[in-house]
file data-v1.csv (CSV, C-alpha atoms)
chain,number,residue,atom,x,y,z
A,18,MET,CA,-23.5,-10.6,7.3
A,19,ARG,CA,-24.9,-7.2,7.8
A,20,THR,CA,-23.3,-6.9,11.3
A,21,MET,CA,-19.9,-7.7,9.9
A,22,TYR,CA,-20.1,-5.9,6.6
A,23,ILE,CA,-17.7,-3.2,7.9
A,24,PHE,CA,-15.0,-5.8,8.4
A,25,TRP,CA,-15.7,-7.6,5.2
A,26,SER,CA,-15.7,-4.4,3.1
A,27,ALA,CA,-12.3,-3.4,4.6
A,28,LEU,CA,-10.8,-6.9,4.0
A,29,LEU,CA,-12.2,-7.2,0.5
A,30,SER,CA,-10.8,-3.8,-0.4
A,31,ALA,CA,-7.3,-4.7,0.7
A,32,LEU,CA,-7.4,-8.1,-1.0
A,33,LEU,CA,-8.8,-6.6,-4.2
A,34,ALA,CA,-6.2,-3.8,-4.2
A,35,GLN,CA,-3.4,-6.4,-3.9
A,36,PHE,CA,-4.9,-8.6,-6.7
A,37,LEU,CA,-5.2,-5.5,-9.0
A,38,LYS,CA,-1.5,-4.6,-8.7
A,39,PRO,CA,-0.3,-7.3,-11.2
A,40,VAL,CA,-3.3,-6.7,-13.5
A,41,ILE,CA,-2.7,-2.9,-13.6
A,42,SER,CA,1.0,-3.4,-14.1
A,43,PHE,CA,0.3,-5.8,-17.0
A,44,LEU,CA,-2.2,-3.5,-18.6
A,45,PHE,CA,-0.5,-0.1,-18.2
A,46,ILE,CA,3.1,-0.5,-17.3
A,47,SER,CA,5.2,-3.5,-18.2
A,48,HIS,CA,2.8,-5.6,-20.3
A,49,LYS,CA,4.3,-8.7,-18.5
A,50,TRP,CA,2.6,-10.7,-15.8
A,51,ASP,CA,4.4,-10.3,-12.4
A,52,TRP,CA,2.2,-12.1,-9.9
A,53,SER,CA,4.8,-11.3,-7.1
A,54,LEU,CA,3.2,-7.8,-7.1
A,55,ALA,CA,0.1,-9.4,-5.5
A,56,HIS,CA,1.9,-9.7,-2.2
A,57,ALA,CA,4.4,-6.8,-2.6
A,58,ALA,CA,4.4,-3.5,-0.7
A,59,GLY,CA,3.9,-0.4,-2.7
A,60,GLY,CA,2.3,0.0,-6.1
A,61,PHE,CA,-1.1,1.0,-7.5
A,62,PRO,CA,-3.5,0.9,-5.7
A,63,SER,CA,-2.5,1.2,-2.1
A,64,SER,CA,-4.1,-1.7,-0.2
A,65,HIS,CA,-3.6,0.0,3.1
A,66,SER,CA,-5.4,3.1,1.9
A,67,ALA,CA,-8.2,1.0,0.4
A,68,MET,CA,-8.7,-0.9,3.6
A,69,VAL,CA,-8.9,2.1,5.9
A,70,ALA,CA,-11.0,4.1,3.5
A,71,ALA,CA,-13.5,1.2,3.3
A,72,LEU,CA,-13.4,0.8,7.1
A,73,SER,CA,-14.0,4.5,7.8
A,74,LEU,CA,-16.7,5.0,5.1
A,75,SER,CA,-18.5,1.8,6.2
A,76,VAL,CA,-18.5,2.9,9.8
A,77,GLY,CA,-19.7,6.4,8.8
A,78,LEU,CA,-22.5,4.9,6.7
A,79,GLN,CA,-23.6,2.4,9.4
A,80,GLU,CA,-23.0,4.4,12.6
A,81,LYS,CA,-23.5,7.9,11.2
A,82,PHE,CA,-20.7,10.4,10.3
A,83,SER,CA,-21.2,12.2,13.6
A,84,SER,CA,-20.4,9.1,15.7
A,85,PRO,CA,-17.3,8.8,17.9
A,86,LEU,CA,-16.5,5.5,16.2
A,87,PHE,CA,-16.4,7.2,12.8
A,88,ALA,CA,-14.1,9.9,14.3
A,89,VAL,CA,-11.7,7.2,15.5
A,90,THR,CA,-11.7,5.3,12.2
A,91,LEU,CA,-11.2,8.5,10.2
A,92,THR,CA,-8.3,9.4,12.5
A,93,VAL,CA,-6.7,6.0,12.0
A,94,ALA,CA,-7.3,6.2,8.2
A,95,CYS,CA,-5.5,9.6,8.1
A,96,ILE,CA,-2.5,8.2,10.0
A,97,VAL,CA,-2.3,5.1,7.7
A,98,VAL,CA,-2.7,7.2,4.5
A,99,TYR,CA,0.0,9.7,5.7
A,100,ASP,CA,2.3,6.9,6.6
A,101,ALA,CA,1.8,5.1,3.3
A,102,ALA,CA,2.5,8.2,1.2
A,103,ASN,CA,5.2,9.9,3.3
A,104,VAL,CA,7.0,7.8,5.9
A,105,ARG,CA,7.0,4.5,4.1
A,106,TYR,CA,7.6,6.1,0.7
A,107,TYR,CA,10.7,7.9,1.9
A,108,CYS,CA,12.0,4.8,3.7
A,109,GLY,CA,11.9,3.1,0.3
A,110,GLN,CA,13.7,6.1,-1.3
A,111,ASN,CA,16.3,6.0,1.5
A,112,ALA,CA,16.9,2.2,0.8
A,113,LYS,CA,17.6,3.0,-2.9
A,114,VAL,CA,20.1,5.7,-1.9
A,115,THR,CA,21.8,3.5,0.7
A,116,GLN,CA,22.1,0.6,-1.8
A,117,GLN,CA,23.7,2.8,-4.4
A,118,LEU,CA,26.1,4.3,-1.9
A,119,VAL,CA,27.2,0.8,-0.7
A,120,LYS,CA,27.6,-0.3,-4.3
A,121,ASP,CA,29.7,2.8,-5.2
A,122,LEU,CA,31.9,2.4,-2.0
A,123,LYS,CA,32.4,-1.3,-2.6
A,124,GLN,CA,33.7,-0.6,-6.1
A,125,LYS,CA,36.1,2.1,-4.7
A,126,ASP,CA,37.3,0.1,-1.6
A,127,PRO,CA,36.2,-3.6,-1.7
A,128,GLN,CA,38.3,-4.5,1.4
A,129,THR,CA,36.6,-2.1,3.7
A,130,PHE,CA,33.1,-3.1,2.6
A,131,ASN,CA,33.5,-6.9,2.7
A,132,ASN,CA,31.2,-7.4,5.7
A,133,PRO,CA,28.0,-9.5,4.8
A,134,ILE,CA,25.8,-6.7,6.1
A,135,TYR,CA,26.6,-4.7,3.0
A,136,ASP,CA,25.1,-7.5,0.9
A,137,THR,CA,21.7,-7.3,2.6
A,138,LYS,CA,19.0,-6.7,0.1
A,139,LEU,CA,16.6,-3.9,1.1
A,140,LYS,CA,13.1,-3.4,-0.3
A,141,ASN,CA,13.1,-0.4,-2.5
A,142,VAL,CA,9.3,-0.1,-2.7
A,143,LEU,CA,7.8,0.2,0.7
A,144,GLY,CA,5.3,3.1,0.4
A,145,HIS,CA,3.2,4.8,-2.2
A,146,ARG,CA,3.0,7.9,-4.3
A,147,TRP,CA,0.0,10.1,-3.6
A,148,SER,CA,-1.7,8.8,-6.8
A,149,GLU,CA,-1.4,5.2,-5.6
A,150,VAL,CA,-2.9,6.2,-2.2
A,151,PHE,CA,-5.7,8.1,-3.9
A,152,GLY,CA,-6.4,5.0,-6.1
A,153,GLY,CA,-6.6,3.0,-2.9
A,154,ILE,CA,-9.0,5.5,-1.3
A,155,CYS,CA,-11.3,5.4,-4.3
A,156,LEU,CA,-11.3,1.6,-4.5
A,157,GLY,CA,-12.0,1.3,-0.7
A,158,GLY,CA,-14.8,3.9,-1.0
A,159,LEU,CA,-16.4,2.1,-3.9
A,160,ILE,CA,-16.3,-1.3,-2.1
A,161,ALA,CA,-17.8,0.3,1.0
A,162,LEU,CA,-20.6,1.8,-1.0
A,163,ILE,CA,-21.3,-1.4,-2.8
A,164,PHE,CA,-21.5,-3.3,0.5
A,165,HIS,CA,-23.7,-0.7,2.1
A,166,ILE,CA,-26.1,-0.6,-0.9
A,167,CYS,CA,-26.3,-4.4,-1.4
A,168,LEU,CA,-26.4,-5.6,2.1
call {"tool": "encode", "arguments": {"input": "data-v1.csv", "output": "structure tokens"}}
result
Amino acid sequence: MRTMYIFWSALLSALLAQFLKPVISFLFISHKWDWSLAHAAGGFPSSHSAMVAALSLSVGLQEKFSSPLFAVTLTVACIVVYDAANVRYYCGQNAKVTQQLVKDLKQKDPQTFNNPIYDTKLKNVLGHRWSEVFGGICLGGLIALIFHICL
């Protein structure tokens, strides 16, 4: 188990983040259970950020923070975190705007917008706010530390 704890800490961090999404939504947001959040993109905490934070910290703790492997995992973590909070987040925002535009244009001119492509449902929540990413980083870091200390 010790040799694979880097992988297991990363995987557990991602799975725990996904499981926590409906729990956190129930406790702090909607007060209704929505288990579909457990496999949804977006939300608090970011499972992508949790996974790469656990991966990078676990590598740093096991292989030392001056190792080339830590540099690689930290670089990948930075890319994933940036992507989650910027690229994917703004794709979701773009989907919201696009859906509203299509809805407005369909009401104005239904004949022109009768192609089935305009009925395609887009995911509105793809990425994360920075607070959701930070929550994922904290969760992943905590899991990595627990694995390192206990194993």
call {"tool": "atom_distance", "arguments": {"input": "data-v1.csv", "atom1": "atom CA of A:Gln79", "atom2": "atom CA of A:Val93"}}
result
17.5 Å
call {"tool": "closest_residue", "arguments": {"input": "data-v1.csv", "among": "A:Thr115, A:Cys155, A:Ser84, A:Ser73", "to": "A:Thr137", "atoms": "only C-alpha atoms"}}
result
A:Thr115
call {"tool": "residues_around", "arguments": {"input": "data-v1.csv", "residues": "stretch 100-110 of chain A", "least_positions_apart": "5", "cutoff": "12 Å", "atoms": "all atoms listed in the file", "output": "NGL selection string"}}
result
:A and (58-67 or 69 or 93-95 or 115-117 or 139-154)
call {"tool": "atom_distance", "arguments": {"input": "data-v1.csv", "atom1": "atom CA of A:Leu32", "atom2": "atom CA of A:His56"}}
result
9.5 Å
call {"tool": "residues_around", "arguments": {"input": "data-v1.csv", "residues": "A:Leu91", "least_positions_apart": "4", "cutoff": "9 Å", "atoms": "only C-alpha atoms", "output": "list of chain:residue names"}}
result
A:Val69, A:Ala70, A:Leu72, A:Ser73, A:Leu74, A:Gly77, A:Leu86, A:Phe87, A:Cys95, A:Ile96
call {"tool": "atom_distance", "arguments": {"input": "data-v1.csv", "atom1": "atom CA of A:Ser30", "atom2": "atom CA of A:Ile46"}}
result
22.1 Å
call {"tool": "closest_residue", "arguments": {"input": "data-v1.csv", "among": "A:Leu37, A:Phe130, A:Met68, A:Asp51", "to": "A:Val98", "atoms": "all atoms listed in the file"}}
result
A:Met68
